[in-house]
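Heads up, start.cif below (mmCIF, C-alpha atoms):
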```cif
data_protein
loop_
_atom_site.label_atom_id
_atom_site.label_comp_id
_atom_site.auth_asym_id
_atom_site.auth_seq_id
_atom_site.Cartn_x
_atom_site.Cartn_y
_atom_site.Cartn_z
CA MET A 94 -49.52 4.24 38.67
CA LYS A 95 -52.45 2.01 37.80
CA ASP A 96 -51.57 2.25 34.10
CA ALA A 97 -47.87 1.37 34.60
CA GLY A 98 -48.45 -2.30 33.77
CA HIS A 99 -48.80 -1.95 30.01
CA LEU A 100 -45.89 0.50 29.85
CA LEU A 101 -43.70 -2.09 31.55
CA ARG A 102 -44.75 -4.78 29.11
CA ILE A 103 -43.91 -2.58 26.15
CA ALA A 104 -40.58 -1.62 27.73
CA ALA A 105 -39.77 -5.30 28.35
CA LEU A 106 -40.66 -6.12 24.75
CA PHE A 107 -38.50 -3.27 23.49
CA GLY A 108 -35.64 -4.36 25.75
CA ALA A 109 -35.89 -7.93 24.48
CA GLY A 110 -35.83 -6.60 20.91
CA VAL A 111 -32.69 -4.56 21.56
CA LEU A 112 -31.00 -7.54 23.19
CA ALA A 113 -31.94 -9.80 20.29
CA PHE A 114 -30.54 -7.24 17.84
CA LEU A 115 -27.28 -6.92 19.76
CA GLY A 116 -26.99 -10.66 20.09
CA LEU A 117 -27.58 -11.31 16.40
CA ARG A 118 -25.24 -8.49 15.42
CA ALA A 119 -22.51 -9.84 17.65
CA TYR A 120 -23.02 -13.27 16.12
CA PHE A 121 -23.04 -12.23 12.47
CA VAL A 122 -20.56 -9.34 12.35
CA PRO A 123 -16.97 -10.64 12.33
CA HIS A 124 -14.89 -9.83 15.39
CA SER A 125 -12.40 -7.61 13.61
CA PHE A 126 -14.99 -5.59 11.67
CA GLY A 127 -14.44 -1.93 12.48
CA GLN A 128 -10.94 -2.46 13.85
CA TYR A 129 -9.40 0.01 11.36
CA GLY A 130 -12.48 1.20 9.48
CA HIS A 131 -15.65 -0.08 7.89
CA TYR A 132 -14.16 -3.45 6.95
CA ARG A 133 -12.89 -6.69 8.45
CA GLY A 134 -9.51 -5.89 10.01
CA ASP A 135 -8.37 -9.52 9.77
CA ALA A 136 -8.57 -9.28 5.96
CA ILE A 137 -5.33 -7.26 5.97
CA ALA A 138 -3.40 -10.03 7.73
CA GLU A 139 -4.98 -12.65 5.46
CA ILE A 140 -3.87 -10.79 2.31
CA ALA A 141 -0.41 -10.23 3.80
CA ALA A 142 -0.11 -13.99 4.38
CA LEU A 143 -0.53 -14.94 0.70
CA PRO A 144 2.36 -17.03 -0.69
CA ILE A 145 5.39 -15.33 -2.23
CA VAL A 146 6.25 -16.55 -5.75
CA HIS A 147 9.14 -14.27 -6.75
CA ALA A 148 11.93 -14.76 -4.22
CA GLY A 149 13.57 -11.39 -4.90
CA HIS A 150 17.11 -10.80 -6.17
CA GLN A 151 18.46 -10.36 -2.62
CA THR A 152 17.62 -14.01 -1.95
CA CYS A 153 19.26 -15.22 -5.19
CA GLU A 154 22.41 -13.25 -4.45
CA THR A 155 23.02 -14.97 -1.10
CA CYS A 156 23.92 -18.22 -2.93
CA HIS A 157 24.78 -17.21 -6.51
CA THR A 158 27.56 -14.85 -5.47
CA ASP A 159 29.67 -15.51 -8.59
CA ILE A 160 26.85 -14.50 -10.96
CA PHE A 161 26.02 -11.52 -8.78
CA GLU A 162 29.63 -10.34 -8.98
CA GLU A 163 29.70 -10.73 -12.77
CA LYS A 164 26.36 -8.98 -13.11
CA THR A 165 27.23 -5.91 -11.02
CA LYS A 166 30.10 -5.06 -13.37
CA GLY A 167 27.97 -5.05 -16.52
CA LYS A 168 25.03 -3.28 -18.07
CA HIS A 169 22.56 -5.78 -16.64
CA ALA A 170 23.43 -4.77 -13.07
CA GLY A 171 20.01 -3.24 -12.56
CA VAL A 172 18.10 -6.20 -13.97
CA ALA A 173 16.82 -8.51 -11.24
CA CYS A 174 17.44 -12.26 -11.62
CA GLU A 175 13.78 -13.18 -11.93
CA ALA A 176 13.22 -10.65 -14.71
CA CYS A 177 14.79 -13.25 -17.04
CA HIS A 178 14.69 -16.47 -15.02
CA GLY A 179 11.07 -16.16 -13.91
CA PRO A 180 9.69 -16.67 -10.40
CA GLN A 181 11.95 -18.92 -8.33
CA ALA A 182 10.66 -18.87 -4.74
CA LYS A 183 10.11 -22.65 -4.91
CA HIS A 184 13.74 -23.17 -5.89
CA THR A 185 14.90 -21.31 -2.76
CA THR A 186 13.18 -23.78 -0.44
CA ASP A 187 13.61 -26.92 -2.53
CA LEU A 188 16.93 -27.08 -4.37
CA SER A 189 15.80 -30.16 -6.31
CA ILE A 190 13.61 -27.79 -8.35
CA VAL A 191 16.09 -26.60 -10.94
CA PRO A 192 15.03 -23.51 -12.91
CA ALA A 193 14.85 -23.97 -16.67
CA LYS A 194 17.45 -22.08 -18.68
CA PRO A 195 15.82 -19.14 -20.45
CA ASP A 196 15.61 -19.37 -24.23
CA ALA A 197 17.95 -16.62 -25.42
CA ALA A 198 16.41 -16.66 -28.91
CA VAL A 199 13.12 -15.41 -27.46
CA LEU A 200 14.13 -13.67 -24.25
CA CYS A 201 16.78 -11.21 -25.47
CA ALA A 202 14.63 -9.91 -28.31
CA GLN A 203 11.72 -9.25 -25.98
CA CYS A 204 13.68 -6.33 -24.58
CA HIS A 205 16.32 -5.62 -27.23
CA GLY A 206 14.38 -6.25 -30.44
CA ALA A 207 14.16 -2.92 -32.28
CA SER A 208 10.83 -1.12 -32.30
CA GLY A 209 9.83 2.46 -33.03
CA ALA A 210 7.76 2.52 -29.84
CA LYS A 211 10.70 1.84 -27.52
CA PRO A 212 12.53 4.83 -26.05
CA LYS A 213 15.52 5.90 -28.16
CA TRP A 214 18.04 5.58 -25.32
CA PHE A 215 17.38 1.88 -24.95
CA PRO A 216 19.83 -0.41 -26.85
CA GLN A 217 17.88 -2.18 -29.60
CA VAL A 218 18.85 -4.25 -32.60
CA ASP A 219 17.15 -5.78 -35.59
CA THR A 220 18.10 -9.29 -34.47
CA LYS A 221 18.34 -10.87 -37.94
CA GLU A 222 20.41 -8.06 -39.34
CA HIS A 223 22.53 -7.85 -36.18
CA SER A 224 23.52 -11.49 -35.80
CA GLY A 225 22.52 -13.14 -39.04
CA GLY A 226 20.41 -15.67 -37.16
CA LEU A 227 22.98 -16.57 -34.51
CA ILE A 228 21.67 -16.86 -30.96
CA CYS A 229 22.65 -13.81 -28.86
CA THR A 230 24.60 -15.85 -26.30
CA THR A 231 27.00 -17.02 -29.03
CA CYS A 232 28.77 -13.67 -28.69
CA HIS A 233 27.26 -12.02 -25.59
CA ARG A 234 27.45 -13.09 -21.96
CA PRO A 235 23.91 -12.77 -20.67
CA HIS A 236 24.79 -11.68 -17.12
CA SER A 237 27.18 -9.00 -18.32
CA PRO A 238 26.30 -8.47 -21.95
CA SER A 239 29.61 -7.23 -23.31
CA LEU A 240 31.15 -9.50 -25.96
CA ARG A 241 32.68 -12.75 -24.80
CA GLY A 242 36.43 -12.32 -24.40
CA GLU A 243 36.11 -8.65 -23.43
CA SER A 244 37.25 -8.03 -19.88
CA LYS A 245 34.17 -6.17 -18.61
CA MET B 149 -41.05 3.16 38.29
CA SER B 150 -38.20 1.48 40.18
CA VAL B 151 -38.70 -1.72 38.18
CA THR B 152 -38.18 0.11 34.88
CA ARG B 153 -34.98 1.66 36.17
CA ARG B 154 -33.62 -1.75 37.17
CA GLN B 155 -34.57 -3.08 33.78
CA PHE B 156 -32.94 -0.10 32.16
CA LEU B 157 -29.73 -0.59 34.12
CA THR B 158 -29.67 -4.29 33.27
CA LEU B 159 -30.12 -3.47 29.63
CA THR B 160 -27.34 -0.87 29.72
CA GLY B 161 -25.04 -3.41 31.27
CA ALA B 162 -25.90 -6.02 28.65
CA ALA B 163 -25.48 -3.46 25.86
CA ALA B 164 -22.07 -2.44 27.20
CA VAL B 165 -20.90 -6.06 27.27
CA ALA B 166 -22.20 -6.60 23.75
CA TRP B 167 -20.50 -3.43 22.51
CA GLU B 168 -17.22 -4.50 24.09
CA TYR B 169 -17.60 -7.81 22.29
CA LEU B 170 -18.29 -6.09 18.98
CA MET B 171 -15.38 -3.72 19.14
CA ALA B 172 -12.87 -6.23 20.50
CA ASP B 173 -9.46 -5.50 19.01
CA THR B 174 -7.11 -8.15 17.71
CA PRO B 175 -3.42 -7.27 17.87
CA GLU B 176 -1.64 -6.36 14.64
CA GLN B 177 -0.48 -9.61 13.10
CA SER B 178 2.99 -8.93 11.72
CA PRO B 179 5.15 -7.62 14.58
CA ASN B 180 7.99 -6.19 12.43
CA TYR B 181 5.70 -4.24 10.14
CA LYS B 182 3.83 -1.22 11.40
CA MET B 183 1.08 -0.13 9.05
CA THR B 184 1.00 3.44 10.30
CA ASP B 185 4.66 3.92 9.30
CA HIS B 186 3.94 3.52 5.57
CA TRP B 187 1.96 5.16 2.80
CA TRP B 188 2.52 3.16 -0.36
CA GLY B 189 2.41 4.29 -3.97
CA MET B 190 4.07 3.60 -7.31
CA LEU B 191 6.28 5.63 -9.61
CA ILE B 192 5.89 4.76 -13.29
CA ASP B 193 8.54 6.28 -15.52
CA VAL B 194 7.08 6.18 -19.02
CA THR B 195 10.41 7.26 -20.53
CA LYS B 196 11.91 3.95 -19.36
CA CYS B 197 9.16 1.53 -20.42
CA ILE B 198 10.20 -0.70 -23.32
CA GLY B 199 6.95 -2.70 -23.52
CA CYS B 200 8.58 -6.07 -22.80
CA GLY B 201 5.60 -7.30 -20.77
CA ASN B 202 7.73 -8.61 -17.90
CA CYS B 203 5.56 -6.82 -15.32
CA VAL B 204 2.35 -8.34 -16.69
CA ARG B 205 3.79 -11.87 -16.64
CA ALA B 206 5.32 -11.46 -13.19
CA CYS B 207 2.06 -10.11 -11.78
CA ALA B 208 0.04 -12.97 -13.25
CA GLN B 209 2.43 -15.56 -11.79
CA GLU B 210 2.79 -13.90 -8.39
CA ASN B 211 -0.91 -13.36 -7.85
CA ASP B 212 -2.39 -16.30 -9.75
CA VAL B 213 -4.32 -13.93 -12.03
CA PRO B 214 -6.79 -15.86 -14.22
CA GLU B 215 -6.07 -15.98 -17.93
CA GLY B 216 -7.56 -13.10 -19.88
CA PHE B 217 -7.69 -10.84 -16.81
CA PHE B 218 -5.05 -8.37 -15.66
CA ARG B 219 -4.11 -6.66 -12.44
CA THR B 220 -1.53 -4.69 -14.40
CA TRP B 221 -1.23 -4.30 -18.14
CA VAL B 222 0.71 -2.28 -20.69
CA GLU B 223 -0.85 -0.15 -23.43
CA HIS B 224 0.82 0.88 -26.66
CA TYR B 225 -0.17 4.41 -27.67
CA HIS B 226 0.15 5.76 -31.17
CA VAL B 227 -0.51 9.46 -31.66
CA ASP B 228 -0.63 10.71 -35.22
CA ASP B 229 0.94 14.17 -35.39
CA TRP B 230 -1.42 16.62 -33.60
CA HIS B 231 -4.33 14.20 -33.00
CA LEU B 232 -3.80 14.09 -29.26
CA GLU B 233 -7.47 13.53 -28.58
CA ASN B 234 -7.67 10.45 -30.76
CA PRO B 235 -4.77 8.19 -29.88
CA VAL B 236 -4.73 4.63 -31.18
CA VAL B 237 -4.38 2.35 -28.15
CA GLU B 238 -3.70 -1.37 -28.24
CA SER B 239 -2.90 -3.89 -25.56
CA PRO B 240 -2.78 -7.41 -27.02
CA ASP B 241 -3.05 -9.88 -24.11
CA GLY B 242 -2.42 -6.94 -21.80
CA GLY B 243 1.03 -6.64 -23.35
CA MET B 244 1.95 -9.90 -21.63
CA HIS B 245 3.89 -11.20 -24.64
CA GLY B 246 5.27 -7.87 -25.76
CA PHE B 247 4.11 -5.86 -28.74
CA PRO B 248 4.41 -6.13 -32.51
CA VAL B 249 7.31 -4.14 -33.98
CA VAL B 250 6.43 -0.54 -34.75
CA ALA B 251 8.05 1.19 -37.73
CA GLN B 252 9.91 4.42 -37.04
CA GLY B 253 8.67 7.87 -37.94
CA THR B 254 4.93 7.32 -38.38
CA GLY B 255 3.89 9.57 -35.51
CA LYS B 256 4.52 9.20 -31.82
CA ASP B 257 4.62 5.80 -30.12
CA PHE B 258 5.12 4.89 -26.49
CA PHE B 259 4.10 2.37 -23.82
CA ILE B 260 1.96 3.10 -20.75
CA PRO B 261 1.96 0.56 -17.93
CA LYS B 262 -1.32 0.64 -16.02
CA MET B 263 -2.41 -0.73 -12.69
CA CYS B 264 -4.49 0.20 -9.66
CA ASN B 265 -3.63 3.76 -8.66
CA HIS B 266 -4.24 2.99 -4.97
CA CYS B 267 -6.20 6.20 -4.64
CA ALA B 268 -6.30 7.88 -1.26
CA ASP B 269 -9.93 8.85 -1.93
CA SER B 270 -10.85 5.88 -4.05
CA PRO B 271 -14.26 5.78 -5.74
CA CYS B 272 -14.26 1.97 -5.65
CA THR B 273 -14.12 1.63 -1.87
CA GLN B 274 -16.78 4.27 -1.36
CA VAL B 275 -19.43 2.34 -3.28
CA CYS B 276 -18.94 -1.10 -1.70
CA PRO B 277 -22.22 -1.91 0.05
CA VAL B 278 -20.73 -4.39 2.52
CA GLY B 279 -17.29 -3.05 3.41
CA ALA B 280 -15.46 -5.71 1.42
CA THR B 281 -13.03 -3.29 -0.21
CA PHE B 282 -11.14 -0.65 1.65
CA THR B 283 -7.99 1.44 1.86
CA SER B 284 -5.66 -0.10 4.42
CA PRO B 285 -3.99 2.16 7.02
CA ASP B 286 -0.82 2.04 4.88
CA GLY B 287 -2.60 3.28 1.76
CA VAL B 288 -3.26 0.11 -0.25
CA VAL B 289 -6.69 -0.53 -1.74
CA LEU B 290 -7.55 -4.15 -1.00
CA VAL B 291 -10.45 -6.57 -1.44
CA ASP B 292 -11.65 -8.88 1.35
CA GLU B 293 -12.50 -11.94 -0.74
CA LYS B 294 -14.37 -13.58 2.15
CA TYR B 295 -16.68 -10.60 2.45
CA CYS B 296 -17.15 -9.65 -1.22
CA LEU B 297 -20.59 -10.42 -2.62
CA GLY B 298 -19.51 -10.06 -6.25
CA CYS B 299 -22.01 -7.28 -6.94
CA ARG B 300 -19.56 -5.59 -9.36
CA TYR B 301 -20.38 -2.08 -8.13
CA CYS B 302 -16.69 -1.34 -7.46
CA ILE B 303 -15.75 -2.58 -10.93
CA GLN B 304 -18.04 0.04 -12.44
CA ALA B 305 -16.88 2.72 -10.03
CA CYS B 306 -13.15 2.45 -10.79
CA PRO B 307 -12.41 5.18 -13.34
CA TYR B 308 -9.18 3.42 -14.36
CA GLY B 309 -10.72 0.03 -15.17
CA CYS B 310 -8.43 -1.76 -12.73
CA ARG B 311 -10.89 -4.25 -11.28
CA PHE B 312 -12.45 -7.44 -12.60
CA LEU B 313 -14.70 -10.22 -11.39
CA HIS B 314 -12.79 -13.45 -10.87
CA PRO B 315 -14.38 -15.97 -13.26
CA THR B 316 -14.55 -18.86 -10.78
CA LYS B 317 -14.37 -17.23 -7.33
CA HIS B 318 -17.00 -14.63 -8.34
CA VAL B 319 -15.39 -11.93 -6.21
CA ALA B 320 -13.86 -8.62 -7.28
CA GLN B 321 -10.10 -8.75 -7.72
CA LYS B 322 -7.47 -6.12 -8.30
CA CYS B 323 -3.84 -5.20 -7.76
CA THR B 324 -2.91 -5.58 -4.09
CA LEU B 325 0.37 -3.73 -4.64
CA CYS B 326 1.76 -7.17 -3.72
CA TYR B 327 0.73 -6.52 -0.14
CA HIS B 328 2.06 -9.97 0.84
CA ARG B 329 5.50 -8.86 -0.39
CA ILE B 330 5.78 -5.21 0.63
CA THR B 331 4.84 -6.02 4.22
CA LYS B 332 7.87 -8.34 4.32
CA GLY B 333 10.39 -5.85 2.94
CA LEU B 334 10.24 -7.05 -0.68
CA THR B 335 9.23 -4.95 -3.65
CA THR B 336 6.23 -5.81 -5.83
CA ALA B 337 6.50 -8.57 -8.44
CA CYS B 338 6.14 -6.07 -11.31
CA CYS B 339 8.92 -3.86 -9.93
CA GLU B 340 11.11 -6.91 -9.33
CA ALA B 341 10.64 -8.05 -12.93
CA CYS B 342 10.95 -4.64 -14.63
CA PRO B 343 14.37 -4.67 -16.34
CA THR B 344 14.65 -0.91 -16.83
CA GLY B 345 13.35 0.41 -13.52
CA ALA B 346 10.30 1.94 -15.17
CA ARG B 347 8.32 0.93 -12.09
CA GLN B 348 9.36 1.84 -8.58
CA LEU B 349 7.48 1.01 -5.41
CA VAL B 350 7.45 4.16 -3.27
CA ASP B 351 6.77 4.75 0.40
CA LEU B 352 5.59 8.33 0.74
CA LYS B 353 5.90 8.23 4.53
CA ASN B 354 9.56 7.25 4.39
CA PRO B 355 11.57 10.49 4.31
CA LYS B 356 14.57 8.62 2.88
CA ASP B 357 12.66 7.28 -0.12
CA PRO B 358 14.17 8.73 -3.36
CA ILE B 359 10.62 9.48 -4.55
CA HIS B 360 10.66 12.81 -2.69
CA GLU B 361 13.70 14.03 -4.61
CA PHE B 362 12.21 12.67 -7.84
CA LEU B 363 8.90 14.46 -7.32
CA ARG B 364 10.75 17.71 -6.61
CA THR B 365 12.81 17.55 -9.79
CA HIS B 366 10.44 16.05 -12.39
CA SER B 367 7.15 16.89 -14.06
CA VAL B 368 4.99 14.16 -12.63
CA GLN B 369 1.34 13.53 -13.37
CA VAL B 370 -1.38 11.17 -12.17
CA LEU B 371 -4.06 9.68 -14.43
CA LYS B 372 -7.38 11.56 -14.59
CA PRO B 373 -6.40 14.23 -12.05
CA HIS B 374 -9.72 16.03 -12.58
CA LEU B 375 -11.48 13.18 -10.76
CA ALA B 376 -9.61 14.03 -7.54
CA THR B 377 -9.19 10.39 -6.62
CA GLY B 378 -5.93 11.02 -4.78
CA ALA B 379 -4.19 8.57 -7.13
CA LYS B 380 -0.79 7.38 -5.91
CA ALA B 381 0.53 5.96 -9.18
CA PHE B 382 2.78 8.80 -10.30
CA TYR B 383 3.66 8.96 -14.00
CA ASN B 384 6.81 10.63 -15.23
CA GLY B 385 6.87 11.71 -18.88
CA LEU B 386 3.14 11.15 -19.35
CA ASP B 387 1.81 12.29 -22.72
CA GLY B 388 -1.35 14.40 -22.83
CA SER B 389 -3.08 11.83 -25.02
CA VAL B 390 -3.09 9.15 -22.31
CA ARG B 391 -6.55 8.40 -20.96
#
```

What is this file in structure tokens?
Amino acid sequence: MKDAGHLLRIAALFGAGVLAFLGLRAYFVPHSFGQYGHYRGDAIAEIAALPIVHAGHQTCETCHTDIFEEKTKGKHAGVACEACHGPQAKHTTDLSIVPAKPDAAVLCAQCHGASGAKPKWFPQVDTKEHSGGLICTTCHRPHSPSLRGESK
Amino acid sequence: MSVTRRQFLTLTGAAAVAWEYLMADTPEQSPNYKMTDHWWGMLIDVTKCIGCGNCVRACAQENDVPEGFFRTWVEHYHVDDWHLENPVVESPDGGMHGFPVVAQGTGKDFFIPKMCNHCADSPCTQVCPVGATFTSPDGVVLVDEKYCLGCRYCIQACPYGCRFLHPTKHVAQKCTLCYHRITKGLTTACCEACPTGARQLVDLKNPKDPIHEFLRTHSVQVLKPHLATGAKAFYNGLDGSVR
């Protein structure tokens, strides 16, 4: 027992070291680290809280019922509003922000301009040959692209 | 030795308190969304892609993607006759503004939308030295921007080239599968903007998701299957020349 003194001192030193390590670790490692795995669990909630920019067609359809009705009857039924009109989440919360009208001269051709790389089933036209330079909306209704005057 | 035992017990107590403090759980933050009920992926139907670039634009706007970088992009493949191993691939501005017109009958041409494959066994998360990137419990590979050091290791590790270093934030960024949208019942921005339905967000844990029927009835492939990454971006109609 006469040699116990130095053992105790070393044990105390070791204990203090372990405590210091635990203390520092607790201070520096974020609370949620290890909650789901080897990462900060709070990061998931932070990413989920990022702002939404595209409102989603369900939101548009709650107000624009007339357009929705017209659209469901035509070939553009599966095309979501923001595919052509761009992101409009701001418009849904602030009605004073009025979305710009898409430029049909550019927009329509982006999808329907003929190209050998597009799948054959997809309706495509050589725009100049097809309309002779007229803008698509002269004859077609954009929300239901049959010819104007046709009932569909 | 009674003193040592007391010291030991004190230390054990202190260690237990510290451990409790370390492992303290915080409750799941969105009450209507249960992460364990979902396992997200994406279906990309190549036969429907028209190369309009809507997905690339929508992604950039939704996620504030810096100019010149892409979280999703579209590639135009040209395969000359039997030269499957040497396709000509172009992606001007990531296909954001569409593609130049291709003449008919000069070989085989098609568009391949690309994005993070949200691999179940992702190489990128395995190499992160600090635990800043991870696969969430619902199967989405995410980056913790507050924890990322910007060491670029994950960017090199991704076999699909889906990551980049943000030019001003100096952290790794990638597709989040619009995690801020899908956890609120919306689809991703790229799926929302796709006019032909070439992209479909899929929930593999939802037995009612049409993906299950689709996978049963179609020849579906993932990119680089030999790497066994557990990729969850499923391609329908994928040509053998696609890398």

Practice problem: Carefully work through the PyMOL selection byres ((chain B) within 6 of (chain A)) for this structure and note down the residues it includes, as a PyMOL selection string. | Solution: chain B and resi 170+198+200+210+249-252+257-258+279+292+327-328+341+343

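Between CA of Ser239 in chain B and CA of Leu334 in chain B there is a distance of 28.3 Å.
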
Self-check item: For Val390 in chain B: contacts at 9 Å, all atoms listed in the file, fewer than 5 positions along chain excluded, given as a count of residues only
Solution: 6

Once the PyMOL selection byres ((chain B and resi 379) around 12) has been applied to the shown file, what residues remain in the selection, as a short mmCIF file (atom, residue, chain, number, x, y, z; two decimals) with C-alpha atoms, in the coordinates of the input?
```cif
data_model
loop_
_atom_site.label_atom_id
_atom_site.label_comp_id
_atom_site.auth_asym_id
_atom_site.auth_seq_id
_atom_site.Cartn_x
_atom_site.Cartn_y
_atom_site.Cartn_z
CA TRP B 188 2.52 3.16 -0.36
CA GLY B 189 2.41 4.29 -3.97
CA MET B 190 4.07 3.60 -7.31
CA LEU B 191 6.28 5.63 -9.61
CA MET B 263 -2.41 -0.73 -12.69
CA CYS B 264 -4.49 0.20 -9.66
CA ASN B 265 -3.63 3.76 -8.66
CA HIS B 266 -4.24 2.99 -4.97
CA CYS B 267 -6.20 6.20 -4.64
CA ALA B 268 -6.30 7.88 -1.26
CA ASP B 269 -9.93 8.85 -1.93
CA SER B 270 -10.85 5.88 -4.05
CA PRO B 271 -14.26 5.78 -5.74
CA GLY B 287 -2.60 3.28 1.76
CA VAL B 288 -3.26 0.11 -0.25
CA VAL B 289 -6.69 -0.53 -1.74
CA CYS B 306 -13.15 2.45 -10.79
CA PRO B 307 -12.41 5.18 -13.34
CA TYR B 308 -9.18 3.42 -14.36
CA GLN B 369 1.34 13.53 -13.37
CA VAL B 370 -1.38 11.17 -12.17
CA LEU B 371 -4.06 9.68 -14.43
CA LYS B 372 -7.38 11.56 -14.59
CA PRO B 373 -6.40 14.23 -12.05
CA HIS B 374 -9.72 16.03 -12.58
CA LEU B 375 -11.48 13.18 -10.76
CA ALA B 376 -9.61 14.03 -7.54
CA THR B 377 -9.19 10.39 -6.62
CA GLY B 378 -5.93 11.02 -4.78
CA LYS B 380 -0.79 7.38 -5.91
CA ALA B 381 0.53 5.96 -9.18
CA PHE B 382 2.78 8.80 -10.30
CA TYR B 383 3.66 8.96 -14.00
#
```

Quiz item: What does the PyMOL selection byres ((chain B and resi 367) around 12) select in this file, as a PyMOL selection string?
Solution: chain B and resi 193-194+361-366+368-370+382-387

C-alpha atoms of the current selection, written as an mmCIF file, in the coordinates of the input:
```cif
data_model
loop_
_atom_site.group_PDB
_atom_site.id
_atom_site.type_symbol
_atom_site.label_atom_id
_atom_site.label_comp_id
_atom_site.auth_asym_id
_atom_site.auth_seq_id
_atom_site.Cartn_x
_atom_site.Cartn_y
_atom_site.Cartn_z
ATOM 1 C CA ASP B 193 8.540 6.280 -15.520
ATOM 2 C CA VAL B 194 7.080 6.180 -19.020
ATOM 3 C CA GLU B 361 13.700 14.030 -4.610
ATOM 4 C CA PHE B 362 12.210 12.670 -7.840
ATOM 5 C CA LEU B 363 8.900 14.460 -7.320
ATOM 6 C CA ARG B 364 10.750 17.710 -6.610
ATOM 7 C CA THR B 365 12.810 17.550 -9.790
ATOM 8 C CA HIS B 366 10.440 16.050 -12.390
ATOM 9 C CA VAL B 368 4.990 14.160 -12.630
ATOM 10 C CA GLN B 369 1.340 13.530 -13.370
ATOM 11 C CA VAL B 370 -1.380 11.170 -12.170
ATOM 12 C CA PHE B 382 2.780 8.800 -10.300
ATOM 13 C CA TYR B 383 3.660 8.960 -14.000
ATOM 14 C CA ASN B 384 6.810 10.630 -15.230
ATOM 15 C CA GLY B 385 6.870 11.710 -18.880
ATOM 16 C CA LEU B 386 3.140 11.150 -19.350
ATOM 17 C CA ASP B 387 1.810 12.290 -22.720
#
```

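Rounded to one decimal, CA of Ala346 in chain B and CA of Asn202 in chain B lie 11.2 Å from each other.
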
Around all the atoms of range 236-241 of chain A listed in the file, with 5 Å of room on each side, what axis-aligned box do you get, giving centre and edge lengths in Å to one decimal, as AutoDock Vina command-line options?
```
--center_x 28.7 --center_y -10.0 --center_z -21.5 --size_x 17.9 --size_y 15.5 --size_z 18.8
```

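What separates CA of His245 in chain B from CA of Arg205 in chain B is a distance of 8.0 Å.
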
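Those residues that approach range 225-231 of chain A to within 9 Å, counting all atoms listed in the file, are Ala197, Ala198, Cys201, Ala202, Thr220, Lys221, Glu222, His223, His233, Arg234, Pro235, Pro238 and Arg241 of chain A; same-chain residues fewer than 2 positions away are not listed.
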
Store the residues picked out above in a file with C-alpha atoms, as a PDB file, in the frame of the given file.
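Printed below is selection_37.pdb as written:
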```
ATOM      1  CA  ALA A 197      17.950 -16.620 -25.420  1.00  0.00           C
ATOM      2  CA  ALA A 198      16.410 -16.660 -28.910  1.00  0.00           C
ATOM      3  CA  CYS A 201      16.780 -11.210 -25.470  1.00  0.00           C
ATOM      4  CA  ALA A 202      14.630  -9.910 -28.310  1.00  0.00           C
ATOM      5  CA  THR A 220      18.100  -9.290 -34.470  1.00  0.00           C
ATOM      6  CA  LYS A 221      18.340 -10.870 -37.940  1.00  0.00           C
ATOM      7  CA  GLU A 222      20.410  -8.060 -39.340  1.00  0.00           C
ATOM      8  CA  HIS A 223      22.530  -7.850 -36.180  1.00  0.00           C
ATOM      9  CA  HIS A 233      27.260 -12.020 -25.590  1.00  0.00           C
ATOM     10  CA  ARG A 234      27.450 -13.090 -21.960  1.00  0.00           C
ATOM     11  CA  PRO A 235      23.910 -12.770 -20.670  1.00  0.00           C
ATOM     12  CA  PRO A 238      26.300  -8.470 -21.950  1.00  0.00           C
ATOM     13  CA  ARG A 241      32.680 -12.750 -24.800  1.00  0.00           C
TER      14      ARG A 241
END
```

Practice problem: Counting all atoms listed in the file, write as a ChimeraX atom specification all protein and nucleic acid residues lying at most 6 Å from (-12.6, 3.2, 0.3) in the file's frame. | Solution: /B:270,273-274,282-283

Quiz prompt | Sel. within 10 Å of pt (-7.9, -2.5, -16.8), counting all atoms listed in the file, output as a PyMOL selection string | solution = chain B and resi 217-223+242+262-264+303+306-312+322
